[in-house]
>>> print(open('entry29.cif').read())   # mmCIF, C-alpha atoms and all ligand atoms
data_upload
#
loop_
_atom_site.label_atom_id
_atom_site.label_comp_id
_atom_site.auth_asym_id
_atom_site.auth_seq_id
_atom_site.Cartn_x
_atom_site.Cartn_y
_atom_site.Cartn_z
CA MET A 250 -17.77 20.46 86.90
CA ALA A 251 -15.31 17.65 86.52
CA ASP A 252 -18.37 15.41 86.12
CA ALA A 253 -19.32 17.32 83.03
CA VAL A 254 -15.90 16.70 81.53
CA GLU A 255 -16.19 13.01 82.26
CA ALA A 256 -19.71 12.66 81.06
CA LEU A 257 -18.84 14.49 77.85
CA SER A 258 -15.75 12.38 77.17
CA ALA A 259 -17.59 9.13 77.88
CA GLY A 260 -20.53 10.18 75.73
CA LEU A 261 -18.28 11.12 72.79
CA ALA A 262 -16.38 7.86 73.02
CA ALA A 263 -19.58 5.78 73.04
CA LEU A 264 -20.99 7.76 70.16
CA GLY A 265 -17.81 7.27 68.15
CA ARG A 266 -18.06 3.48 68.46
CA GLN A 267 -21.73 3.34 67.71
CA PHE A 268 -22.20 5.46 64.60
CA HIS A 269 -19.38 3.74 62.68
CA GLU A 270 -21.22 0.46 62.77
CA GLN A 271 -24.62 1.94 62.13
CA PHE A 272 -23.46 3.96 59.09
CA GLU A 273 -21.82 0.93 57.54
CA ALA A 274 -25.01 -1.10 58.00
CA ALA A 275 -27.31 1.52 56.41
CA PRO A 276 -28.95 -0.23 53.40
CA ASP A 277 -29.65 2.90 51.36
CA GLU A 278 -29.24 6.64 51.28
CA ALA A 279 -32.54 7.39 52.99
CA ALA A 280 -31.63 5.18 55.96
CA LEU A 281 -28.16 6.73 56.05
CA ARG A 282 -29.59 10.25 56.14
CA ALA A 283 -31.93 9.30 58.97
CA LEU A 284 -28.97 7.97 60.97
CA ARG A 285 -26.98 11.14 60.37
CA ALA A 286 -29.92 13.19 61.63
CA SER A 287 -30.11 11.05 64.75
CA VAL A 288 -26.52 12.12 65.54
CA LEU A 289 -26.23 15.66 64.19
CA GLY A 290 -29.86 16.77 64.00
CA LYS A 291 -31.55 19.20 66.39
CA LYS A 292 -32.51 16.35 68.67
CA GLY A 293 -29.45 14.29 67.78
CA GLU A 294 -27.13 12.62 70.24
CA LEU A 295 -24.14 14.88 69.55
CA THR A 296 -26.33 17.92 69.91
CA SER A 297 -27.47 16.85 73.35
CA LEU A 298 -23.84 16.11 74.39
CA LEU A 299 -22.94 19.60 73.22
CA LYS A 300 -25.19 21.01 75.93
CA LEU A 301 -22.82 19.58 78.57
CA LEU A 302 -20.13 21.92 77.26
CA ALA A 303 -21.70 24.79 79.18
CA GLN A 304 -20.95 22.99 82.46
CA VAL A 305 -17.29 22.29 81.61
CA PRO A 306 -14.84 24.53 83.53
CA PRO A 307 -13.68 27.41 81.30
CA GLU A 308 -10.04 26.32 81.24
CA ARG A 309 -11.00 22.95 79.71
CA ARG A 310 -13.69 24.18 77.43
CA LYS A 311 -11.44 24.75 74.40
CA GLU A 312 -10.01 21.25 74.59
CA MET A 313 -13.45 19.63 75.01
CA GLY A 314 -14.87 21.80 72.23
CA GLU A 315 -12.18 20.56 69.86
CA LEU A 316 -13.00 17.00 70.84
CA VAL A 317 -16.67 17.53 70.01
CA ASN A 318 -15.75 19.15 66.70
CA GLY A 319 -13.49 16.26 65.87
CA VAL A 320 -16.30 13.78 66.36
CA LYS A 321 -18.61 15.94 64.31
CA GLN A 322 -16.16 16.05 61.41
CA GLU A 323 -15.71 12.35 61.62
CA VAL A 324 -19.44 11.78 61.44
CA GLU A 325 -19.62 13.96 58.34
CA ALA A 326 -16.68 12.23 56.71
CA ARG A 327 -18.10 8.77 57.43
CA PHE A 328 -21.46 9.81 56.16
CA GLU A 329 -20.00 11.11 52.90
CA ALA A 330 -17.89 7.99 52.40
CA ARG A 331 -20.81 5.66 52.98
CA ARG A 332 -23.08 7.73 50.75
CA GLU A 333 -20.61 7.48 47.90
CA ALA A 334 -20.25 3.75 48.42
CA LEU A 335 -24.02 3.30 48.32
CA ALA A 336 -24.30 5.41 45.14
CA ARG A 337 -21.55 3.40 43.45
CA ALA A 338 -23.25 0.14 44.41
CA ALA A 339 -26.61 1.37 43.09
CA ARG A 340 -25.07 2.43 39.78
CA ALA A 341 -23.26 -0.88 39.45
CA ALA A 342 -26.52 -2.76 40.07
CA GLU A 343 -28.24 -0.62 37.45
CA LEU A 344 -25.55 -1.36 34.87
CA ALA A 345 -25.63 -5.07 35.66
CA ALA A 346 -29.42 -5.23 35.20
CA PRO A 347 -30.79 -6.28 31.79
CA PRO A 348 -30.87 -3.23 29.48
CA LEU A 349 -34.10 -1.37 28.75
CA ASP A 350 -35.79 -3.07 25.78
CA LEU A 351 -37.03 -0.30 23.53
CA THR A 352 -38.72 -2.82 21.23
CA LEU A 353 -41.25 -3.94 23.86
CA PRO A 354 -44.83 -2.92 23.03
CA GLY A 355 -45.92 0.22 24.91
CA ARG A 356 -48.42 0.24 27.72
CA ALA A 357 -51.89 1.09 26.39
CA PRO A 358 -53.21 4.35 27.84
CA ALA A 359 -56.12 3.89 30.28
CA PRO A 360 -59.36 3.89 28.27
CA ARG A 361 -61.01 7.31 28.26
CA GLY A 362 -64.62 7.55 29.38
CA HIS A 363 -67.31 9.39 27.47
CA LEU A 364 -70.71 10.90 28.08
CA HIS A 365 -73.54 8.50 28.85
CA PRO A 366 -75.72 7.85 25.76
CA ILE A 367 -78.67 9.52 27.54
CA THR A 368 -76.60 12.66 28.07
CA GLN A 369 -75.36 12.55 24.47
CA VAL A 370 -78.90 12.36 23.06
CA ARG A 371 -80.19 15.01 25.49
CA TRP A 372 -77.44 17.44 24.49
CA GLU A 373 -78.01 16.71 20.82
CA VAL A 374 -81.73 17.48 21.14
CA LEU A 375 -81.09 20.66 23.16
CA ASP A 376 -78.46 21.72 20.59
CA ILE A 377 -80.90 21.41 17.71
CA PHE A 378 -83.36 23.66 19.54
CA ALA A 379 -80.58 26.08 20.46
CA GLN A 380 -79.85 26.39 16.73
CA LEU A 381 -83.55 27.18 16.21
CA GLY A 382 -83.31 30.02 18.75
CA PHE A 383 -84.64 28.33 21.89
CA GLU A 384 -83.18 29.42 25.21
CA GLN A 385 -82.50 26.89 28.00
CA ALA A 386 -84.17 26.88 31.40
CA TRP A 387 -84.13 24.59 34.42
CA GLY A 388 -86.74 23.17 36.79
CA PRO A 389 -86.55 21.16 40.04
CA GLU A 390 -87.16 17.41 40.30
CA VAL A 391 -89.06 17.80 43.58
CA GLU A 392 -91.93 20.03 42.55
CA LEU A 393 -95.11 21.58 43.89
CA GLU A 394 -98.34 19.97 42.73
CA LEU A 395 -99.21 23.47 41.56
CA ASN A 396 -96.46 23.52 38.92
CA ASN A 397 -96.59 19.86 37.90
CA PHE A 398 -100.38 19.58 37.52
CA GLU A 399 -102.54 22.53 38.51
CA LYS A 400 -101.15 25.29 36.31
CA LEU A 401 -101.12 22.78 33.43
CA ALA A 402 -104.89 22.40 33.82
CA PHE A 403 -104.91 18.74 34.84
CA PRO A 404 -108.44 17.91 35.97
CA ALA A 405 -108.65 16.75 39.63
CA GLU A 406 -109.58 13.20 38.63
CA HIS A 407 -106.69 12.77 36.17
CA PRO A 408 -105.00 9.36 36.73
CA ALA A 409 -101.51 10.90 36.82
CA MET A 410 -102.44 12.51 40.12
CA ASP A 411 -103.19 9.14 41.65
CA MET A 412 -100.98 7.75 44.43
CA GLN A 413 -100.42 4.72 42.19
CA ASP A 414 -98.96 6.67 39.31
CA THR A 415 -96.90 9.37 40.97
CA PHE A 416 -94.27 9.54 43.71
CA TRP A 417 -95.75 11.96 46.22
CA VAL A 418 -93.27 13.53 48.61
CA ARG A 419 -95.61 15.55 50.84
CA VAL A 420 -99.39 15.27 50.92
CA GLY A 421 -100.50 16.08 54.48
CA GLY A 422 -101.08 19.57 55.87
CA ASP A 423 -101.23 22.68 53.72
CA ASP A 424 -102.62 21.93 50.22
CA GLN A 425 -100.38 24.67 48.79
CA LEU A 426 -97.32 22.66 49.81
CA ARG A 427 -98.21 19.28 48.31
CA THR A 428 -95.04 18.10 46.57
CA LEU A 429 -94.05 15.21 44.32
CA LEU A 430 -91.26 14.01 42.09
CA ARG A 431 -92.11 15.75 38.82
CA THR A 432 -93.86 13.40 36.39
CA HIS A 433 -92.70 15.39 33.36
CA THR A 434 -90.49 18.35 32.46
CA SER A 435 -93.66 20.33 31.69
CA ASN A 436 -93.28 21.86 35.18
CA VAL A 437 -90.74 24.17 33.51
CA GLN A 438 -93.64 25.53 31.41
CA SER A 439 -95.61 26.45 34.56
CA ARG A 440 -92.59 28.14 36.06
CA GLU A 441 -91.34 30.08 33.05
CA LEU A 442 -94.80 31.09 31.82
CA SER A 443 -95.49 32.44 35.32
CA ALA A 444 -92.13 34.18 35.71
CA ARG A 445 -91.64 35.77 32.27
CA ARG A 446 -93.70 37.59 29.69
CA PRO A 447 -93.83 36.63 25.98
CA PRO A 448 -92.20 36.45 23.56
CA MET A 449 -90.31 33.39 24.79
CA ALA A 450 -88.90 30.21 23.28
CA ILE A 451 -87.53 27.84 25.90
CA VAL A 452 -86.27 24.24 26.15
CA SER A 453 -85.39 22.27 29.23
CA GLY A 454 -84.11 18.74 29.85
CA GLY A 455 -83.89 16.58 32.94
CA ALA A 456 -85.01 13.60 35.01
CA VAL A 457 -88.68 12.78 35.66
CA TYR A 458 -90.34 10.07 37.78
CA ARG A 459 -93.30 7.73 37.42
CA ARG A 460 -94.40 4.46 38.96
CA ASP A 461 -93.66 2.51 35.80
CA ASP A 462 -91.27 -0.38 35.50
CA ASP A 463 -90.93 -2.75 32.52
CA VAL A 464 -88.69 -3.25 29.46
CA THR A 465 -89.63 0.11 27.98
CA HIS A 466 -90.46 2.07 31.17
CA SER A 467 -88.24 3.03 34.07
CA PRO A 468 -89.36 4.77 37.30
CA MET A 469 -86.78 7.47 36.53
CA PHE A 470 -86.25 8.64 33.00
CA HIS A 471 -85.42 11.83 31.11
CA GLN A 472 -87.40 14.26 29.03
CA VAL A 473 -86.87 17.38 27.00
CA GLU A 474 -89.65 19.96 27.08
CA GLY A 475 -90.01 23.03 24.91
CA PHE A 476 -92.48 25.83 24.29
CA LEU A 477 -92.79 29.05 22.35
CA VAL A 478 -95.28 31.80 23.18
CA ASP A 479 -95.81 35.07 21.31
CA GLU A 480 -98.44 37.02 19.44
CA GLY A 481 -99.77 35.22 16.37
CA VAL A 482 -98.22 31.79 16.95
CA SER A 483 -100.15 29.11 15.05
CA PHE A 484 -100.15 25.35 14.51
CA ALA A 485 -98.18 26.03 11.31
CA HIS A 486 -95.27 27.28 13.45
CA LEU A 487 -95.48 24.14 15.58
CA LYS A 488 -95.37 21.94 12.48
CA GLY A 489 -92.49 23.86 10.96
CA VAL A 490 -90.32 23.79 14.09
CA LEU A 491 -90.99 20.15 14.99
CA THR A 492 -90.59 18.88 11.41
CA THR A 493 -87.25 20.67 11.20
CA PHE A 494 -86.25 19.16 14.53
CA ALA A 495 -87.25 15.60 13.54
CA ARG A 496 -85.35 15.87 10.24
CA ARG A 497 -82.21 17.20 11.91
CA LEU A 498 -82.32 14.28 14.34
CA TYR A 499 -83.37 11.49 11.95
CA GLY A 500 -82.11 12.76 8.60
CA GLU A 501 -83.42 15.27 6.05
CA ALA A 502 -85.36 12.59 4.16
CA ALA A 503 -87.19 11.21 7.20
CA PRO A 504 -90.98 11.10 6.74
CA VAL A 505 -92.74 13.00 9.55
CA ARG A 506 -96.45 12.93 10.41
CA PHE A 507 -98.67 14.64 12.97
CA ARG A 508 -101.45 12.61 14.58
CA PRO A 509 -104.20 14.07 16.82
CA SER A 510 -103.77 13.19 20.48
CA TYR A 511 -104.79 14.42 23.90
CA PHE A 512 -102.87 16.13 26.72
CA PRO A 513 -104.74 18.28 29.26
CA PHE A 514 -102.47 21.28 28.75
CA VAL A 515 -102.77 21.64 24.95
CA GLU A 516 -105.60 22.22 22.51
CA PRO A 517 -105.36 20.83 19.92
CA GLY A 518 -102.88 18.16 20.89
CA ALA A 519 -100.82 15.92 18.62
CA GLU A 520 -98.17 13.28 18.52
CA VAL A 521 -95.31 13.30 16.04
CA ASP A 522 -94.23 10.11 14.30
CA VAL A 523 -91.12 9.58 12.25
CA GLY A 524 -90.84 6.93 9.54
CA CYS A 525 -89.36 3.72 10.98
CA VAL A 526 -85.62 3.66 10.47
CA PHE A 527 -85.35 -0.05 11.27
CA CYS A 528 -87.37 -1.67 8.55
CA ASP A 529 -87.18 -1.44 4.81
CA VAL A 530 -90.38 -1.60 2.75
CA ALA A 531 -88.51 -2.46 -0.45
CA ALA A 532 -86.70 -5.32 1.26
CA GLY A 533 -89.98 -6.55 2.73
CA THR A 534 -88.90 -6.40 6.38
CA ARG A 535 -91.72 -4.10 7.51
CA ALA A 536 -94.29 -6.69 8.55
CA GLY A 537 -91.82 -8.36 10.86
CA CYS A 538 -90.29 -5.16 12.31
CA ARG A 539 -90.32 -5.37 16.09
CA VAL A 540 -89.50 -1.72 16.64
CA CYS A 541 -92.41 -0.15 14.71
CA LYS A 542 -94.53 -3.30 15.08
CA GLY A 543 -95.19 -3.31 11.33
CA THR A 544 -96.77 0.17 11.31
CA GLY A 545 -93.82 1.90 9.62
CA TRP A 546 -93.96 4.77 12.15
CA LEU A 547 -92.16 5.55 15.39
CA GLU A 548 -93.80 7.89 17.87
CA VAL A 549 -91.22 10.43 19.03
CA LEU A 550 -92.96 13.25 20.88
CA GLY A 551 -96.17 14.85 22.18
CA CYS A 552 -97.10 18.43 21.33
CA GLY A 553 -99.88 20.92 20.86
CA MET A 554 -101.02 24.51 21.11
CA VAL A 555 -100.71 25.69 24.73
CA HIS A 556 -104.21 25.59 26.21
CA PRO A 557 -105.60 29.12 26.84
CA GLU A 558 -106.46 27.93 30.35
CA VAL A 559 -102.72 27.22 31.01
CA LEU A 560 -101.75 30.71 29.79
CA GLU A 561 -104.40 32.28 32.04
CA ARG A 562 -103.37 30.23 35.08
CA CYS A 563 -99.82 31.48 34.55
CA GLY A 564 -100.99 35.10 34.22
CA ILE A 565 -100.63 35.48 30.44
CA ASP A 566 -103.39 37.11 28.39
CA SER A 567 -104.69 34.26 26.19
CA GLU A 568 -106.58 36.67 23.93
CA ARG A 569 -103.35 38.34 22.93
CA PHE A 570 -100.83 35.48 23.08
CA THR A 571 -100.74 31.95 21.73
CA GLY A 572 -98.03 29.32 21.79
CA PHE A 573 -97.05 25.74 21.16
CA ALA A 574 -95.36 23.17 23.40
CA PHE A 575 -93.79 19.75 23.05
CA GLY A 576 -92.24 17.07 25.19
CA MET A 577 -90.26 13.91 24.47
CA GLY A 578 -88.63 11.01 26.29
CA ILE A 579 -84.86 10.86 25.88
CA GLU A 580 -84.51 7.14 26.63
CA ARG A 581 -87.05 6.43 23.91
CA LEU A 582 -85.08 8.49 21.40
CA ALA A 583 -81.86 6.71 22.40
CA MET A 584 -83.51 3.27 22.21
CA LEU A 585 -84.89 4.02 18.76
CA ARG A 586 -81.64 5.46 17.52
CA TYR A 587 -79.42 2.62 18.74
CA GLY A 588 -81.94 -0.24 18.60
CA ILE A 589 -81.69 -0.85 22.37
CA PRO A 590 -84.36 -3.39 23.31
CA ASP A 591 -84.47 -2.94 27.11
CA ILE A 592 -84.48 0.45 28.88
CA ARG A 593 -82.81 -1.06 31.95
CA LEU A 594 -79.57 -1.52 29.98
CA LEU A 595 -79.26 2.26 30.02
CA PHE A 596 -79.18 2.38 33.80
CA GLU A 597 -77.23 -0.74 34.69
CA ASN A 598 -74.16 1.08 33.36
CA HIS A 599 -72.25 -2.01 32.36
CA PRO A 600 -68.99 -0.79 30.74
CA ARG A 601 -69.30 -3.31 27.88
CA PHE A 602 -72.74 -1.89 27.04
CA LEU A 603 -71.79 1.79 27.40
CA ALA A 604 -68.56 1.40 25.39
CA GLN A 605 -70.71 0.86 22.27
CA PHE A 606 -71.91 4.47 22.13
N1 LIG B 701 -95.74 16.04 29.39
C1 LIG B 701 -96.07 15.04 28.38
C2 LIG B 701 -95.69 13.66 28.91
O1 LIG B 701 -94.95 13.58 29.85
C3 LIG B 701 -95.34 15.30 27.10
C4 LIG B 701 -95.87 16.51 26.44
C5 LIG B 701 -96.94 16.41 25.54
C6 LIG B 701 -95.35 17.76 26.70
C7 LIG B 701 -97.44 17.51 24.92
C8 LIG B 701 -95.83 18.88 26.08
C9 LIG B 701 -96.88 18.74 25.19
O2 LIG B 701 -95.37 20.10 26.30
O3 LIG B 701 -97.40 19.85 24.56
O4 LIG B 701 -96.11 12.70 28.36
#
>>> encode(input="entry29.cif", output="structure tokens")
Amino acid sequence: MADAVEALSAGLAALGRQFHEQFEAAPDEAALRALRASVLGKKGELTSLLKLLAQVPPERRKEMGELVNGVKQEVEARFEARREALARAARAAELAAPPLDLTLPGRAPAPRGHLHPITQVRWEVLDIFAQLGFEQAWGPEVELELNNFEKLAFPAEHPAMDMQDTFWVRVGGDDQLRTLLRTHTSNVQSRELSARRPPMAIVSGGAVYRRDDDVTHSPMFHQVEGFLVDEGVSFAHLKGVLTTFARRLYGEAAPVRFRPSYFPFVEPGAEVDVGCVFCDVAAGTRAGCRVCKGTGWLEVLGCGMVHPEVLERCGIDSERFTGFAFGMGIERLAMLRYGIPDIRLLFENHPRFLAQF
């Protein structure tokens, strides 16, 4: 019992000596607060001394309790005094520092990013078709052979189906499960024509993959695909819609022409050219134009009347319904629009290149 009195007195005396010095040495308020907690906090030194009070004989408890309280008040008073001194010093340092110069130039805000030119052109194309009443749909990039080729009436010997031209993902085992990276967004045609019934007018955009790699071809690129199927749809509708599209994209005065072409899933098939926007006949720059190669025309998309065989393979009555379809490469549109000579620039994503769009 008497030991407790002694231990408590000794502990309080030691504590009294120690915290004075420590508080005075605290460099800032945060350090000071940490020191105060180490004395008065739940696990603080004074708190653990306080536990000895229970062992002090009752007749001396009041006296010892007052002693503890005295130390506690002293700690608080010292803390407050030091805190004020630190605050005064900080304020004095602030006032002594050079004043804030309001005439200095401001800090430029961090440059804001923007959509990639490919995304901008893709959205622009999809927007034009949305205005013309086309709905949007989606298709996967890893696709069944069935949807990428078969339903689109590709003949078995078509070169696109060759290992050299296409990235096959799964070829062994069950023929029904042969899969590849889609070579065009026309897989959306197979899917939507199989899943819905006419009338329908749909566009879809996304990445496609081919084993091509040079200044104008990349193994991954983007396309927009569209198709419209209903009763009584004719080539005149195709011409009207695609001419309107080309003029909205290239300007109302842009010359547009349709040229016969071949794709297995359309009959007849065509390609659409737009008058070259890079050369000027009057100024005599046509012959030397590198973009249209002196022809005066830029090829912008493939199209045609959906082949009756495609409609039938997708379960649509080709006697009753007809439709047209089209597909275009987004990189090509972007390159033509901005005069970009090398497709790889679009994927290297150098900030100095992208900042121009
Ligand atoms: N799928 C063709 C390609 O990748 C583009 C295309 C041509 C799509 C004609 C069509 C179309 O829907 O009718 O080259």
>>> residues_near_point(input="entry29.cif", point="(-18.1, 2.5, 66.9)", cutoff="12 Å", atoms="only C-alpha atoms", output="number ranges by chain")
A: 260-274, 320, 323-324, 327
>>> residues_near_point(input="entry29.cif", point="(-97.6, 18.9, 38.6)", cutoff="10 Å", atoms="all atoms listed in the file", output="MDAnalysis selection string")
chainID A and resid 391:403 409:410 415 427:436 439
>>> atom_distance(input="entry29.cif", atom1="CA of Val254 in chain A", atom2="CA of Val305 in chain A")
5.8 Å
>>> residues_around(input="entry29.cif", residues="Cys552 in chain A", least_positions_apart="2", cutoff="8 Å", atoms="only C-alpha atoms", output="MDAnalysis selection string")
chainID A and resid 515 518:521 550 554 573:576
>>> axis_aligned_box(input="entry29.cif", around="ligand LIG 701 (chain B)", padding_each_side="6 Å", output="AutoDock Vina command-line options")
--center_x -96.2 --center_y 16.4 --center_z 27.2 --size_x 14.5 --size_y 19.4 --size_z 17.3
>>> atom_distance(input="entry29.cif", atom1="CA of Phe606 in chain A", atom2="CA of Met469 in chain A")
20.9 Å
>>> closest_residue(input="entry29.cif", among="A:Gln438, A:Ser443, A:Thr493, A:Ser297", to="ligand LIG 701 (chain B)", atoms="only C-alpha atoms and all ligand atoms")
A:Gln438
>>> build_atoms(input="entry29.cif", residues="range 298-317 of chain A", atoms="N, CA, C and O atoms", output="mmCIF file, keeping the file's coordinate frame")
data_model
loop_
_atom_site.group_PDB
_atom_site.id
_atom_site.type_symbol
_atom_site.label_atom_id
_atom_site.label_comp_id
_atom_site.auth_asym_id
_atom_site.auth_seq_id
_atom_site.Cartn_x
_atom_site.Cartn_y
_atom_site.Cartn_z
ATOM 1 N N LEU A 298 -25.116 16.115 73.661
ATOM 2 C CA LEU A 298 -23.840 16.110 74.390
ATOM 3 C C LEU A 298 -23.259 17.536 74.447
ATOM 4 O O LEU A 298 -22.681 17.958 75.447
ATOM 5 N N LEU A 299 -23.475 18.246 73.339
ATOM 6 C CA LEU A 299 -22.940 19.600 73.220
ATOM 7 C C LEU A 299 -23.420 20.501 74.366
ATOM 8 O O LEU A 299 -22.710 21.416 74.810
ATOM 9 N N LYS A 300 -24.637 20.178 74.850
ATOM 10 C CA LYS A 300 -25.190 21.010 75.930
ATOM 11 C C LYS A 300 -24.356 20.903 77.209
ATOM 12 O O LYS A 300 -24.353 21.819 78.037
ATOM 13 N N LEU A 301 -23.654 19.763 77.366
ATOM 14 C CA LEU A 301 -22.820 19.580 78.570
ATOM 15 C C LEU A 301 -21.651 20.569 78.585
ATOM 16 O O LEU A 301 -21.088 20.882 79.633
ATOM 17 N N LEU A 302 -21.295 21.034 77.379
ATOM 18 C CA LEU A 302 -20.130 21.920 77.260
ATOM 19 C C LEU A 302 -20.251 23.152 78.170
ATOM 20 O O LEU A 302 -19.247 23.633 78.713
ATOM 21 N N ALA A 303 -21.476 23.610 78.360
ATOM 22 C CA ALA A 303 -21.700 24.790 79.180
ATOM 23 C C ALA A 303 -21.254 24.551 80.633
ATOM 24 O O ALA A 303 -20.910 25.493 81.357
ATOM 25 N N GLN A 304 -21.289 23.279 81.063
ATOM 26 C CA GLN A 304 -20.950 22.990 82.460
ATOM 27 C C GLN A 304 -19.451 22.677 82.648
ATOM 28 O O GLN A 304 -18.976 22.498 83.759
ATOM 29 N N VAL A 305 -18.737 22.586 81.537
ATOM 30 C CA VAL A 305 -17.290 22.290 81.610
ATOM 31 C C VAL A 305 -16.562 23.543 82.111
ATOM 32 O O VAL A 305 -16.894 24.647 81.673
ATOM 33 N N PRO A 306 -15.572 23.360 83.032
ATOM 34 C CA PRO A 306 -14.840 24.530 83.530
ATOM 35 C C PRO A 306 -14.176 25.268 82.360
ATOM 36 O O PRO A 306 -13.693 24.623 81.420
ATOM 37 N N PRO A 307 -14.149 26.603 82.423
ATOM 38 C CA PRO A 307 -13.680 27.410 81.300
ATOM 39 C C PRO A 307 -12.302 26.972 80.797
ATOM 40 O O PRO A 307 -12.085 26.924 79.567
ATOM 41 N N GLU A 308 -11.398 26.629 81.690
ATOM 42 C CA GLU A 308 -10.040 26.320 81.240
ATOM 43 C C GLU A 308 -9.994 25.043 80.403
ATOM 44 O O GLU A 308 -9.061 24.796 79.646
ATOM 45 N N ARG A 309 -11.023 24.174 80.512
ATOM 46 C CA ARG A 309 -11.000 22.950 79.710
ATOM 47 C C ARG A 309 -11.961 22.989 78.528
ATOM 48 O O ARG A 309 -12.114 22.046 77.777
ATOM 49 N N ARG A 310 -12.637 24.094 78.444
ATOM 50 C CA ARG A 310 -13.690 24.180 77.430
ATOM 51 C C ARG A 310 -13.142 24.085 75.999
ATOM 52 O O ARG A 310 -13.704 23.427 75.137
ATOM 53 N N LYS A 311 -12.008 24.742 75.754
ATOM 54 C CA LYS A 311 -11.440 24.750 74.400
ATOM 55 C C LYS A 311 -11.108 23.313 73.971
ATOM 56 O O LYS A 311 -11.513 22.849 72.896
ATOM 57 N N GLU A 312 -10.434 22.644 74.864
ATOM 58 C CA GLU A 312 -10.010 21.250 74.590
ATOM 59 C C GLU A 312 -11.232 20.358 74.301
ATOM 60 O O GLU A 312 -11.265 19.628 73.307
ATOM 61 N N MET A 313 -12.264 20.477 75.191
ATOM 62 C CA MET A 313 -13.450 19.630 75.010
ATOM 63 C C MET A 313 -14.184 20.017 73.729
ATOM 64 O O MET A 313 -14.706 19.171 73.013
ATOM 65 N N GLY A 314 -14.207 21.322 73.455
ATOM 66 C CA GLY A 314 -14.870 21.800 72.230
ATOM 67 C C GLY A 314 -14.201 21.187 71.008
ATOM 68 O O GLY A 314 -14.885 20.740 70.071
ATOM 69 N N GLU A 315 -12.894 21.130 71.014
ATOM 70 C CA GLU A 315 -12.180 20.560 69.860
ATOM 71 C C GLU A 315 -12.518 19.073 69.708
ATOM 72 O O GLU A 315 -12.661 18.549 68.591
ATOM 73 N N LEU A 316 -12.645 18.426 70.858
ATOM 74 C CA LEU A 316 -13.000 17.000 70.840
ATOM 75 C C LEU A 316 -14.356 16.794 70.151
ATOM 76 O O LEU A 316 -14.514 15.943 69.269
ATOM 77 N N VAL A 317 -15.316 17.626 70.591
ATOM 78 C CA VAL A 317 -16.670 17.530 70.010
ATOM 79 C C VAL A 317 -16.601 17.785 68.497
ATOM 80 O O VAL A 317 -17.142 17.028 67.698
#
